[in-house]
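Undergrad: To be precise about what I am sending: the file is called start_27.txt and holds compact mmCIF, C-alpha atoms and all ligand atoms.
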```txt
# COMPACT_ATOMS: atom_id res chain seq x y z
CA MET L 267 -8.55 -22.54 -10.18
CA GLN L 268 -12.33 -22.27 -10.38
CA SER L 269 -13.63 -18.76 -9.85
CA ALA L 270 -16.60 -18.44 -7.49
CA THR L 271 -18.36 -16.24 -10.04
CA THR L 272 -18.40 -16.21 -13.81
CA LYS L 273 -17.15 -12.63 -13.90
CA PRO L 274 -13.58 -12.13 -15.12
CA ARG L 275 -10.98 -11.85 -12.38
CA VAL L 276 -9.46 -8.42 -11.76
CA PHE L 277 -6.43 -7.88 -9.54
CA SER L 278 -4.77 -4.60 -8.67
CA GLY L 279 -2.75 -3.06 -5.88
CA ILE L 280 -1.23 0.10 -4.50
CA GLN L 281 1.78 0.57 -2.26
CA PRO L 282 1.11 1.84 1.26
CA SER L 283 4.00 4.27 1.01
CA GLY L 284 1.98 7.26 2.22
CA GLY L 285 0.87 10.29 0.30
CA LEU L 286 -1.74 8.75 -1.93
CA HIS L 287 -2.22 11.33 -4.68
CA LEU L 288 -4.60 12.36 -7.42
CA GLY L 289 -2.70 10.21 -9.96
CA ASN L 290 -3.35 7.10 -7.86
CA TYR L 291 -6.98 8.06 -7.55
CA LEU L 292 -7.67 8.96 -11.20
CA GLY L 293 -5.36 6.33 -12.71
CA ALA L 294 -6.47 3.45 -10.49
CA ILE L 295 -8.90 3.58 -7.54
CA ARG L 296 -11.63 5.55 -9.27
CA ASN L 297 -11.75 3.05 -12.13
CA TRP L 298 -11.83 0.10 -9.74
CA VAL L 299 -14.83 1.63 -8.00
CA ARG L 300 -16.68 2.44 -11.22
CA ASP L 301 -16.23 -1.05 -12.69
CA GLN L 302 -16.36 -3.17 -9.54
CA ASP L 303 -19.70 -4.83 -10.32
CA LYS L 304 -18.48 -6.06 -13.71
CA TYR L 305 -15.61 -8.12 -12.32
CA ASP L 306 -14.57 -10.55 -9.63
CA ASN L 307 -12.13 -8.19 -7.93
CA ILE L 308 -9.15 -8.50 -5.65
CA PHE L 309 -7.69 -5.24 -4.36
CA CYS L 310 -4.37 -5.54 -2.59
CA ILE L 311 -2.32 -3.33 -0.29
CA VAL L 312 1.17 -4.24 -1.44
CA ASP L 313 3.25 -3.75 1.69
CA LEU L 314 6.01 -6.13 0.55
CA HIS L 315 6.61 -3.87 -2.44
CA THR L 316 6.79 -0.86 -0.16
CA ILE L 317 9.75 -2.16 1.85
CA THR L 318 11.90 -2.28 -1.30
CA VAL L 319 12.86 1.27 -0.29
CA PRO L 320 13.53 2.30 3.35
CA GLN L 321 10.41 2.76 5.49
CA ASP L 322 9.78 3.89 9.02
CA PRO L 323 8.05 0.83 10.59
CA ALA L 324 5.43 2.81 12.53
CA ALA L 325 4.64 4.91 9.47
CA LEU L 326 4.31 1.79 7.32
CA ARG L 327 1.76 0.31 9.74
CA GLU L 328 -0.18 3.57 9.71
CA ASN L 329 -0.01 3.98 5.93
CA THR L 330 -1.25 0.42 5.44
CA LEU L 331 -4.44 1.11 7.40
CA ASP L 332 -4.76 4.51 5.74
CA LEU L 333 -4.72 2.92 2.31
CA ALA L 334 -7.32 0.31 3.30
CA ALA L 335 -9.52 3.11 4.66
CA VAL L 336 -9.09 5.13 1.45
CA TYR L 337 -10.08 2.10 -0.67
CA LEU L 338 -13.33 1.74 1.28
CA ALA L 339 -13.92 5.49 1.54
CA SER L 340 -13.53 5.82 -2.23
CA GLY L 341 -16.39 3.39 -2.69
CA ILE L 342 -14.83 -0.07 -2.90
CA SER L 343 -17.62 -2.26 -1.57
CA LYS L 344 -17.00 -4.34 1.55
CA THR L 345 -18.07 -7.35 -0.48
CA GLN L 346 -14.94 -7.07 -2.67
CA ALA L 347 -11.78 -8.88 -1.59
CA MET L 348 -9.38 -6.34 -0.07
CA PHE L 349 -6.32 -7.60 1.73
CA ILE L 350 -2.73 -6.95 2.78
CA GLN L 351 -0.14 -8.69 0.59
CA SER L 352 2.09 -9.89 3.45
CA HIS L 353 -0.89 -11.67 5.07
CA ILE L 354 -0.74 -14.31 2.32
CA PRO L 355 2.74 -15.91 2.31
CA ALA L 356 2.15 -17.46 -1.13
CA HIS L 357 2.95 -14.05 -2.70
CA ALA L 358 6.53 -14.09 -1.46
CA GLU L 359 6.91 -17.81 -2.18
CA LEU L 360 5.74 -17.60 -5.78
CA ALA L 361 7.80 -14.43 -6.26
CA TRP L 362 10.95 -16.36 -5.38
CA ILE L 363 10.19 -19.08 -7.92
CA LEU L 364 9.44 -16.50 -10.63
CA GLU L 365 12.70 -14.68 -9.84
CA CYS L 366 14.48 -17.86 -10.74
CA PHE L 367 12.86 -17.81 -14.19
CA VAL L 368 13.12 -14.07 -14.95
CA PRO L 369 16.41 -13.14 -16.64
CA MET L 370 18.30 -10.22 -15.04
CA GLY L 371 18.22 -8.47 -18.43
CA TRP L 372 14.42 -8.19 -18.31
CA LEU L 373 14.56 -6.58 -14.87
CA GLU L 374 17.35 -4.24 -15.94
CA ARG L 375 15.12 -2.83 -18.66
CA MET L 376 12.34 -1.79 -16.26
CA THR L 377 12.00 2.00 -16.37
CA GLN L 378 10.60 2.14 -12.84
CA PHE L 379 13.72 0.45 -11.50
CA LYS L 380 15.95 2.83 -13.44
CA GLU L 381 14.02 5.84 -12.12
CA LYS L 382 13.78 4.66 -8.53
CA SER L 383 17.34 3.43 -8.19
CA GLY L 384 18.73 6.44 -10.05
CA ARG L 385 22.35 7.19 -9.31
CA GLU L 386 22.11 5.05 -6.16
CA ARG L 387 21.89 1.88 -8.25
CA GLU L 388 24.63 0.00 -6.41
CA ARG L 389 23.13 0.84 -3.06
CA SER L 390 19.48 0.16 -3.91
CA SER L 391 18.04 -3.06 -2.49
CA ALA L 392 17.92 -6.39 -4.31
CA GLY L 393 14.19 -6.24 -3.55
CA LEU L 394 13.80 -3.10 -5.64
CA PHE L 395 15.43 -4.90 -8.56
CA ALA L 396 13.28 -8.03 -8.17
CA TYR L 397 10.12 -5.98 -7.56
CA PRO L 398 8.42 -6.87 -10.90
CA ALA L 399 8.67 -10.60 -10.10
CA LEU L 400 6.71 -10.00 -6.89
CA MET L 401 4.14 -8.03 -8.85
CA ALA L 402 3.91 -10.90 -11.35
CA ALA L 403 3.32 -13.29 -8.44
CA ASP L 404 0.50 -11.07 -7.12
CA ILE L 405 -1.24 -11.17 -10.48
CA LEU L 406 -0.58 -14.80 -11.46
CA LEU L 407 -1.61 -16.35 -8.12
CA TYR L 408 -5.26 -15.55 -8.78
CA ASP L 409 -5.57 -16.43 -12.49
CA THR L 410 -6.12 -12.74 -13.19
CA ARG L 411 -7.54 -11.63 -16.56
CA TYR L 412 -7.37 -7.86 -16.15
CA VAL L 413 -5.11 -5.54 -14.22
CA PRO L 414 -6.52 -1.99 -13.94
CA VAL L 415 -3.58 0.40 -13.50
CA GLY L 416 -2.11 3.68 -14.69
CA GLU L 417 0.18 3.86 -17.73
CA ASP L 418 3.37 3.57 -15.64
CA GLN L 419 2.58 -0.05 -14.74
CA ARG L 420 2.17 -1.30 -18.33
CA GLN L 421 5.77 -2.50 -18.59
CA HIS L 422 5.45 -4.54 -15.38
CA ILE L 423 2.35 -6.28 -16.71
CA GLU L 424 4.17 -7.06 -19.95
CA LEU L 425 6.94 -8.66 -17.91
CA THR L 426 4.29 -10.63 -16.01
CA ARG L 427 2.95 -11.96 -19.33
CA ASP L 428 6.46 -12.76 -20.54
CA VAL L 429 7.40 -14.82 -17.49
CA ALA L 430 3.99 -16.56 -17.49
CA GLN L 431 4.43 -17.48 -21.15
CA ARG L 432 7.98 -18.67 -20.61
CA MET L 433 6.85 -20.99 -17.79
CA ASN L 434 3.75 -22.15 -19.66
CA GLN L 435 5.95 -23.14 -22.61
CA ARG L 436 8.26 -25.11 -20.39
CA PHE L 437 5.76 -26.71 -17.98
CA GLY L 438 2.35 -26.64 -19.68
CA GLU L 439 -0.56 -24.32 -18.90
CA LEU L 440 0.40 -23.11 -15.44
CA PHE L 441 -0.79 -19.51 -15.66
CA THR L 442 -3.58 -17.37 -17.12
CA LEU L 443 -2.14 -14.50 -19.17
CA PRO L 444 -3.26 -11.14 -17.74
CA GLU L 445 -3.95 -7.97 -19.69
CA PRO L 446 -3.45 -4.40 -18.55
CA MET L 447 -6.63 -2.33 -18.31
CA ILE L 448 -5.53 1.27 -18.85
CA GLN L 449 -8.11 4.01 -19.34
CA ALA L 450 -8.00 6.66 -22.05
CA ALA L 451 -8.42 9.40 -19.42
CA GLY L 452 -6.38 9.90 -16.24
CA ALA L 453 -3.81 7.15 -16.88
CA ARG L 454 -0.87 9.54 -16.62
CA ILE L 455 -1.40 12.58 -14.40
CA MET L 456 1.64 14.87 -14.36
CA GLY L 457 3.23 16.90 -11.55
CA LEU L 458 1.62 20.31 -10.94
CA ASP L 459 5.02 21.96 -10.43
CA ASP L 460 6.62 20.23 -13.42
CA PRO L 461 4.22 18.79 -16.01
CA GLN L 462 7.07 16.96 -17.75
CA LYS L 463 7.26 14.56 -14.81
CA LYS L 464 4.65 12.00 -13.75
CA MET L 465 2.90 12.84 -10.48
CA SER L 466 4.62 10.56 -7.98
CA LYS L 467 4.82 9.95 -4.26
CA SER L 468 8.59 10.31 -4.20
CA LEU L 469 8.65 13.68 -6.02
CA ALA L 470 5.77 14.88 -3.81
CA ALA L 471 7.91 14.20 -0.74
CA GLU L 472 10.54 16.63 -2.07
CA ALA L 473 8.29 19.40 -3.45
CA PRO L 474 5.01 20.20 -1.64
CA GLY L 475 3.48 21.76 -4.77
CA HIS L 476 4.05 18.65 -6.89
CA ALA L 477 0.94 16.63 -6.05
CA ILE L 478 -2.55 16.91 -4.65
CA PHE L 479 -3.05 14.27 -1.98
CA ILE L 480 -6.37 12.50 -1.65
CA LEU L 481 -6.60 13.70 1.95
CA ASP L 482 -5.61 17.35 1.24
CA ALA L 483 -8.01 19.93 2.73
CA PRO L 484 -9.95 22.08 0.21
CA GLU L 485 -7.84 25.19 0.87
CA VAL L 486 -4.66 23.19 0.25
CA VAL L 487 -6.07 21.89 -3.05
CA ARG L 488 -6.87 25.47 -4.11
CA ARG L 489 -3.44 26.75 -3.11
CA LYS L 490 -1.58 23.98 -4.95
CA LEU L 491 -3.66 24.46 -8.10
CA ALA L 492 -3.25 28.23 -7.95
CA ARG L 493 0.52 27.68 -8.13
CA ALA L 494 0.39 24.95 -10.79
CA GLN L 495 2.49 25.59 -13.86
CA THR L 496 0.61 26.86 -16.93
CA ASP L 497 1.76 28.10 -20.36
CA ALA L 498 3.51 31.28 -21.42
CA GLN L 499 0.38 32.51 -23.23
CA PRO L 500 -2.04 35.20 -22.02
CA GLU L 501 -4.98 32.76 -21.82
CA VAL L 502 -5.95 29.16 -22.52
CA ARG L 503 -5.15 28.44 -26.19
CA PHE L 504 -4.87 25.25 -28.21
CA PRO L 505 -2.69 23.37 -28.78
CA ALA L 506 -1.99 23.95 -25.10
CA GLY L 507 1.35 23.30 -23.38
CA PRO L 508 1.92 20.43 -20.92
CA GLY L 509 0.85 22.36 -17.77
CA VAL L 510 -2.53 23.43 -19.13
CA THR L 511 -3.04 20.04 -20.80
CA ASN L 512 -2.49 18.34 -17.45
CA LEU L 513 -5.01 20.60 -15.68
CA LEU L 514 -7.54 19.92 -18.42
CA GLU L 515 -6.81 16.19 -18.18
CA ILE L 516 -7.54 16.24 -14.43
CA TYR L 517 -10.73 18.18 -15.04
CA ARG L 518 -12.03 16.05 -17.91
CA THR L 519 -11.23 12.77 -16.11
CA ILE L 520 -13.20 13.81 -13.03
CA GLN L 521 -16.07 15.25 -15.08
CA GLY L 522 -16.12 12.43 -17.63
CA LYS L 523 -15.88 14.91 -20.52
CA ASP L 524 -14.09 14.55 -23.86
CA TRP L 525 -11.38 16.84 -25.21
CA ALA L 526 -13.63 18.70 -27.64
CA THR L 527 -15.98 19.67 -24.80
CA VAL L 528 -13.26 20.96 -22.47
CA GLU L 529 -11.55 22.82 -25.31
CA LYS L 530 -14.81 24.62 -26.00
CA GLU L 531 -15.39 25.24 -22.31
CA PHE L 532 -11.98 26.82 -21.60
CA GLY L 533 -10.65 28.13 -24.93
CA GLY L 534 -9.94 31.87 -24.53
CA LYS L 535 -10.54 31.76 -20.75
CA SER L 536 -7.99 32.99 -18.22
CA TYR L 537 -5.80 30.55 -16.30
CA SER L 538 -7.51 31.54 -13.07
CA VAL L 539 -10.91 30.51 -14.47
CA LEU L 540 -9.43 27.16 -15.46
CA LYS L 541 -7.71 26.65 -12.10
CA THR L 542 -10.86 27.51 -10.15
CA ALA L 543 -12.89 25.02 -12.20
CA VAL L 544 -10.28 22.29 -11.67
CA ALA L 545 -10.14 23.03 -7.93
CA ASP L 546 -13.94 22.89 -7.65
CA ALA L 547 -14.05 19.55 -9.46
CA VAL L 548 -11.21 18.04 -7.39
CA ILE L 549 -12.70 19.25 -4.08
CA GLU L 550 -16.13 17.92 -5.01
CA ALA L 551 -14.61 14.51 -5.78
CA LEU L 552 -12.39 14.33 -2.68
CA THR L 553 -14.61 15.78 0.06
CA PRO L 554 -16.96 12.79 0.46
CA ILE L 555 -13.98 10.41 0.40
CA GLN L 556 -12.30 12.38 3.18
CA GLN L 557 -15.45 12.33 5.31
CA ARG L 558 -15.89 8.57 4.97
CA TYR L 559 -12.16 8.04 5.51
CA ARG L 560 -12.36 9.80 8.89
CA GLU L 561 -15.32 7.65 9.96
CA ILE L 562 -13.59 4.42 8.92
CA ARG L 563 -10.38 5.31 10.75
CA THR L 564 -12.28 5.67 14.05
CA ASP L 565 -12.51 1.86 14.19
CA ASP L 566 -9.14 0.36 13.27
CA ALA L 567 -9.99 -2.96 14.93
CA ALA L 568 -12.90 -3.49 12.52
CA LEU L 569 -10.71 -2.54 9.58
CA VAL L 570 -7.97 -4.99 10.57
CA GLN L 571 -10.54 -7.73 11.09
CA HIS L 572 -11.97 -7.07 7.64
CA LEU L 573 -8.51 -7.28 6.04
CA ARG L 574 -7.61 -10.47 7.92
CA GLY L 575 -10.90 -12.10 6.94
CA ALA L 576 -10.31 -11.39 3.26
CA ALA L 577 -6.77 -12.80 3.42
CA GLU L 578 -8.09 -15.97 5.04
CA ARG L 579 -10.69 -16.42 2.33
CA LEU L 580 -8.16 -15.86 -0.48
CA THR L 581 -5.39 -18.05 0.93
CA PRO L 582 -6.73 -21.39 -0.42
CA THR L 583 -6.89 -19.95 -3.96
CA ALA L 584 -3.36 -18.57 -3.72
CA ASN L 585 -2.07 -21.85 -2.30
CA THR L 586 -3.68 -23.89 -5.08
CA THR L 587 -1.72 -21.93 -7.70
CA LEU L 588 1.46 -22.06 -5.64
CA ARG L 589 1.19 -25.87 -5.28
CA ARG L 590 0.61 -26.22 -9.03
CA VAL L 591 3.81 -24.28 -9.71
CA GLN L 592 5.80 -26.09 -7.02
CA GLU L 593 4.80 -29.44 -8.50
CA ALA L 594 5.62 -28.30 -12.04
CA VAL L 595 9.14 -27.17 -11.19
CA GLY L 596 9.85 -30.22 -9.00
CA LEU L 597 9.54 -28.73 -5.52
CA ARG L 598 6.83 -31.24 -4.52
P1 LIG W 1 1.80 2.50 -7.17
O1 LIG W 1 1.53 2.29 -5.72
O2 LIG W 1 3.00 3.27 -7.58
O3 LIG W 1 0.56 3.21 -7.87
C1 LIG W 1 -0.76 2.76 -7.67
C2 LIG W 1 -1.59 2.96 -8.91
O4 LIG W 1 -1.64 4.35 -9.27
C3 LIG W 1 -1.27 4.49 -10.63
N1 LIG W 1 -0.54 5.78 -10.77
C4 LIG W 1 -0.90 6.75 -11.62
N2 LIG W 1 -1.90 6.85 -12.51
C5 LIG W 1 -2.00 8.00 -13.22
N3 LIG W 1 -1.13 9.04 -13.08
C6 LIG W 1 -0.11 8.98 -12.22
N4 LIG W 1 0.73 10.00 -12.08
C7 LIG W 1 0.05 7.79 -11.43
N5 LIG W 1 0.93 7.41 -10.48
C8 LIG W 1 0.55 6.17 -10.09
C9 LIG W 1 -0.36 3.32 -10.92
O5 LIG W 1 -0.29 3.05 -12.29
C10 LIG W 1 -1.06 2.23 -10.13
O6 LIG W 1 -2.13 1.69 -10.87
N6 LIG W 1 3.70 -1.85 -8.74
C11 LIG W 1 2.46 -1.17 -8.39
C12 LIG W 1 1.68 -1.85 -7.31
C13 LIG W 1 1.40 -3.30 -7.55
C14 LIG W 1 0.43 -3.83 -8.43
C15 LIG W 1 0.50 -5.25 -8.26
C16 LIG W 1 -0.47 -3.27 -9.31
C17 LIG W 1 1.99 -4.34 -6.92
N7 LIG W 1 1.45 -5.52 -7.33
C18 LIG W 1 -0.32 -6.09 -9.00
C19 LIG W 1 -1.28 -4.12 -10.06
C20 LIG W 1 -1.21 -5.52 -9.90
C21 LIG W 1 2.80 0.22 -7.91
O7 LIG W 1 3.86 0.48 -7.41
O8 LIG W 1 1.77 1.09 -7.95
```
Written as structure tokens, that's how I'd like the structure from this file.

TA:
Amino acid sequence: MQSATTKPRVFSGIQPSGGLHLGNYLGAIRNWVRDQDKYDNIFCIVDLHTITVPQDPAALRENTLDLAAVYLASGISKTQAMFIQSHIPAHAELAWILECFVPMGWLERMTQFKEKSGRERERSSAGLFAYPALMAADILLYDTRYVPVGEDQRQHIELTRDVAQRMNQRFGELFTLPEPMIQAAGARIMGLDDPQKKMSKSLAAEAPGHAIFILDAPEVVRRKLARAQTDAQPEVRFPAGPGVTNLLEIYRTIQGKDWATVEKEFGGKSYSVLKTAVADAVIEALTPIQQRYREIRTDDAALVQHLRGAAERLTPTANTTLRRVQEAVGLR
């Protein structure tokens, strides 16, 4: 496929499963926005991934538009390609073919599957198991070079490379090999209530103090941070424990500061000074996004039209790759 620009292709996506949190923002969206002019970007709303676990249909529709509005409100330009995964059937079609080339053993090793299926392994959907093959299809359809994500997605991108290599060896150069683009700051934000666990949508649904949501009101942000776990020391000291380290990580990612600077800034300070500074920084980052989000959601028709338009423009590219693969494996 010939790219319309000479900039390297970037592809990334987020699930519209509701409750977009600070980890999603700092680990992904914020970096997409900052670097958008450097790349030829495709930002996807991966609704097919979301239905791998049970969803309320009305909520899924709402969360899909919410996520699109948050992308734009966060500063993704309307000139970037932003679309809904299920609007381009080639994603599901390529995913099926890839599933037939991905050994079960590779999928069994995926930590996200192990975590999400948990003790309910036998009852979890086949879709949840095959999930990384769909993610590989997303990435490979567009000859993607870079995939900007948080640390938790690294393993899925490695699997994408593995299946691409396996098929390239067998059929010739079918796919471009993608690389993960994972930032040094903000790539793994931990839960406020339990800094041993990654901040996640599913844990947030069980414990309200676990995550800050992108659409949380300022007083909610302050309350959640006030209750965030710290260390068993009288003040901020280094090396700090996981709770304080996580708060400092949130702060330094938003402020673009290095560790030495934040250690100097907060060493010897009380936890309440630290928490107030983190709350101020988070609120300052989220408030303009929330305002723009509310404006964008007043016109859902325009939003849907924008998403449909992008899917239409991307479809020929996706279909070109799909045809190439279909021909290679003997389906055409
Ligand atoms: P999802 O929806 O779970 O997460 C979206 C993005 O947020 C990042 N993230 C975090 N970053 C830092 N700290 C955290 N606690 C944290 N939690 C989540 C994720 O790394 C991700 O970048 N499988 C993907 C969606 C996907 C995708 C793709 C991504 C589907 N197809 C193709 C890239 C390319 C997922 O479930 O992300």

Undergrad: Which residue is closest to ligand LIG 1 (chain W)? Choose from L:Gly293, L:Pro505, L:Pro320, L:Pro282 and count all atoms listed in the file.

TA: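 Closest to ligand LIG 1 (chain W) of all the choices is L:Gly293.
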
Undergrad: Near segment 528-537 of chain L, within 6 Å and counting all atoms listed in the file, which residues show up once chain neighbours fewer than 2 positions away are dropped, as an MDAnalysis selection string?

TA: chainID L and resid 501:503 525:526 539:540

Undergrad: Give as a ChimeraX atom specification the residues surrounding ligand LIG 1 (chain W) up to a distance of 6 Å, considering only C-alpha atoms and all ligand atoms.

TA: /L:277-281,289-290,293-294,312,401,404-405,413,415-419,452-456,464-466

Undergrad: Write out as a list in words the residues lying within 9 Å of Ala576 of chain L, counting only C-alpha atoms and excluding same-chain residues fewer than 5 positions away.

TA: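 Within the cut-off, the hits are Gln346, Ala347, Met348, Phe349, Ile350, Gln571 and Thr581 of chain L.
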
Undergrad: Skipping near chain neighbours, those fewer than 3 positions away, what residues fall within 9 Å of Ile516 of chain L using all atoms listed in the file, listed as a short mmCIF file (atom, residue, chain, number, x, y, z; two decimals) with C-alpha atoms, in the coordinates of the input?

TA:
```cif
data_model
loop_
_atom_site.label_atom_id
_atom_site.label_comp_id
_atom_site.auth_asym_id
_atom_site.auth_seq_id
_atom_site.Cartn_x
_atom_site.Cartn_y
_atom_site.Cartn_z
CA LEU L 288 -4.60 12.36 -7.42
CA GLY L 289 -2.70 10.21 -9.96
CA LEU L 292 -7.67 8.96 -11.20
CA ALA L 451 -8.42 9.40 -19.42
CA GLY L 452 -6.38 9.90 -16.24
CA ILE L 455 -1.40 12.58 -14.40
CA THR L 511 -3.04 20.04 -20.80
CA ASN L 512 -2.49 18.34 -17.45
CA LEU L 513 -5.01 20.60 -15.68
CA THR L 519 -11.23 12.77 -16.11
CA ILE L 520 -13.20 13.81 -13.03
CA GLN L 521 -16.07 15.25 -15.08
CA VAL L 544 -10.28 22.29 -11.67
CA ALA L 547 -14.05 19.55 -9.46
CA VAL L 548 -11.21 18.04 -7.39
#
```

Undergrad: Just want the 9 Å neighbourhood of Ile562 of chain L, counted on all atoms listed in the file, with same-chain residues fewer than 3 positions away dropped. Output as a short mmCIF file (atom, residue, chain, number, x, y, z; two decimals) with C-alpha atoms, keeping the file's coordinate frame.

TA:
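Once everything was written out, this is out-v8.cif:
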```cif
data_model
loop_
_atom_site.label_atom_id
_atom_site.label_comp_id
_atom_site.auth_asym_id
_atom_site.auth_seq_id
_atom_site.Cartn_x
_atom_site.Cartn_y
_atom_site.Cartn_z
CA ALA L 335 -9.52 3.11 4.66
CA VAL L 336 -9.09 5.13 1.45
CA LEU L 338 -13.33 1.74 1.28
CA ALA L 339 -13.92 5.49 1.54
CA GLN L 557 -15.45 12.33 5.31
CA ARG L 558 -15.89 8.57 4.97
CA TYR L 559 -12.16 8.04 5.51
CA ASP L 565 -12.51 1.86 14.19
CA ASP L 566 -9.14 0.36 13.27
CA ALA L 568 -12.90 -3.49 12.52
CA LEU L 569 -10.71 -2.54 9.58
#
```

Undergrad: Give me, as a list in words, all polymer residues having an atom no more than 8 Å from Phe395 of chain L, counting all atoms listed in the file and skipping those fewer than 6 positions away in the same chain.

TA: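 Contacts, with the query itself left out: Leu373, Glu374 and Phe379 of chain L.
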
Undergrad: Taking all atoms of segment 474-481 of chain L that appear in the file, build a box with edges along x, y and z, extend it by 6 Å on every side, and state its centre and edge lengths in Å to one decimal, as JSON.

TA:
```
{"center_x": -0.8, "center_y": 17.1, "center_z": -2.5, "size_x": 23.6, "size_y": 21.3, "size_z": 20.8}
```

Undergrad: Considering all atoms listed in the file, can you say which of L:Ile311, L:Ala567, L:Ile317, L:Ala477 comes closest to Thr330 of chain L?

TA: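 With all atoms listed in the file as the atom set, the closest residue is L:Ile311.
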
Undergrad: Do you have the atom CA of Cys366 of chain L-atom CA of Leu406 of chain L distance handy?

TA: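 Pair atom CA of Cys366 of chain L / atom CA of Leu406 of chain L returns 15.4 Å.
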
Undergrad: Starting from the point (7.8, -8.4, -12.9), work out which residues of protein, DNA or RNA have an atom no more than 9 Å away when counting only C-alpha atoms; state them as a list in words.

TA: Ala361, Leu364, Glu365, Val368, Trp372, Leu373, Met376, Ala396, Tyr397, Pro398, Ala399, Leu400, Met401, Ala402, Ala403, Gln421, His422, Ile423, Glu424, Leu425, Thr426, Arg427, Asp428 and Val429 of chain L

Undergrad: Atom CA of Leu469 of chain L and atom CA of Glu381 of chain L are how many Å apart?

TA: 11.3 Å

Undergrad: Return the single residue from L:Gly384, L:Gly509, L:Leu580, L:Glu485 that is closest to Ala545 of chain L, with distances computed using all atoms listed in the file.

TA: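 Among the listed residues, L:Glu485 lies closest to Ala545 of chain L.
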
Undergrad: Please indicate the distance in Å from atom CA of Ile549 of chain L to atom CA of Asp459 of chain L, rounded to one decimal place.

TA: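 About the pair atom CA of Ile549 of chain L and atom CA of Asp459 of chain L: they are 19.0 Å apart.
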
Undergrad: Here is a test: counting all atoms listed in the file, which residue of L:Asp313, L:Lys304, L:Asn434, L:Leu573 is nearest to Thr272 of chain L?

TA: L:Lys304

Undergrad: Between L:Val595, L:Cys310, L:Leu440, L:Arg275, which has the minimum distance to Ile354 of chain L (counting all atoms listed in the file)?

TA: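 Smallest distance to Ile354 of chain L is found for L:Cys310.
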